[in-house]
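Below is one structure, written out as structure tokens; the observations come after it.
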Amino acid sequence: MGIEPNYIVVEGQTFKQHKLSLDNHVFKNCTLDDCEIYYSGGPYELIDTHITNSRLILNQPAKNIYSAIQIFKMKSPGSSIVAD
């Protein structure tokens with residue numbers, strides 16, 4: 001049996017030009033505008049949250065996953081990527 005992640009819940013806030021971490025966060029009813037959003041591959045939730053003019057910055061291991069998807073799409077036309 002696994003351990004549930006401890007989420008940091010952020011609710012009803014507006015962020016403009018902030019550096020934010022997506023991993024282990026729940027953003028609920030938030031607005032993120034012109035932000036740098038860092039992601040390493042951990043669990044997260046975006047509930048009724050609006051993101052505009054922002055950048056998703058992938059750290060390891062998310063960066064490796066993105067690279068693997070790009071290579072798979074290029075080298076395996078007609079194949080599919082499945083996530084359960």
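The chains in the structure tokens are called A, B, ... from first to last as shown; in each chain the residues are counted from 1, and the ligands are counted from 1 in the order shown.
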
_For the alpha helix (DSSP H) assignment from backbone DSSP, which residues of chain A qualify? Please present them as an MDAnalysis selection string._
chainID A and resid 62:75

*Find the residues around segment 64-75 of chain A up to 9 Å (only C-alpha atoms counted), leave out those fewer than 6 positions away in its own chain, and share them as a ChimeraX atom specification.*
/A:41,58,81

Output N, CA and C atoms for every residue in that selection, as a PDB file, in the first residue's frame.
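And here's result-v4.pdb as it stands now:
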ATOM      1  N   GLY A  41       7.401  16.147 -12.283  1.00  0.00           N
ATOM      2  CA  GLY A  41       6.763  14.858 -12.536  1.00  0.00           C
ATOM      3  C   GLY A  41       5.907  14.359 -11.391  1.00  0.00           C
ATOM      4  N   LEU A  58      10.176  22.168 -17.386  1.00  0.00           N
ATOM      5  CA  LEU A  58      10.299  20.779 -16.969  1.00  0.00           C
ATOM      6  C   LEU A  58      11.659  20.515 -16.352  1.00  0.00           C
ATOM      7  N   ILE A  81       0.391   6.628 -27.317  1.00  0.00           N
ATOM      8  CA  ILE A  81       0.941   6.726 -25.969  1.00  0.00           C
ATOM      9  C   ILE A  81      -0.231   6.591 -25.014  1.00  0.00           C
TER      10      ILE A  81
END

_Point-to-point distance in Å for atom CA of Gln60 of chain A and atom CA of Cys30 of chain A_ = 25.8 Å

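For the set A:Thr49, A:Thr31, A:Asn59, A:Ser79, the residue with the smallest atom-to-atom gap to His18 of chain A is A:Thr31, counting only C-alpha atoms.
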
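Considering only C-alpha atoms, the residue among A:Asp34, A:Tyr44, A:Asn29, A:Ala62 positioned nearest to Ile8 of chain A is A:Tyr44.
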
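Of note, atom CA of Leu46 of chain A and atom CA of Val26 of chain A are spaced 5.9 Å apart.
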
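Within the 12 Å cut-off around Ile57 of chain A, using only C-alpha atoms and omitting residues fewer than 3 positions from it on the same chain, the listed residues are Lys19, Leu20, Ser21, Leu22, Asp23, Cys35, Glu36, Ile37, Tyr38, Tyr39, Ser40, Gly41, Ser54, Gln60, Pro61, Ala62, Lys63 and Tyr66 of chain A.
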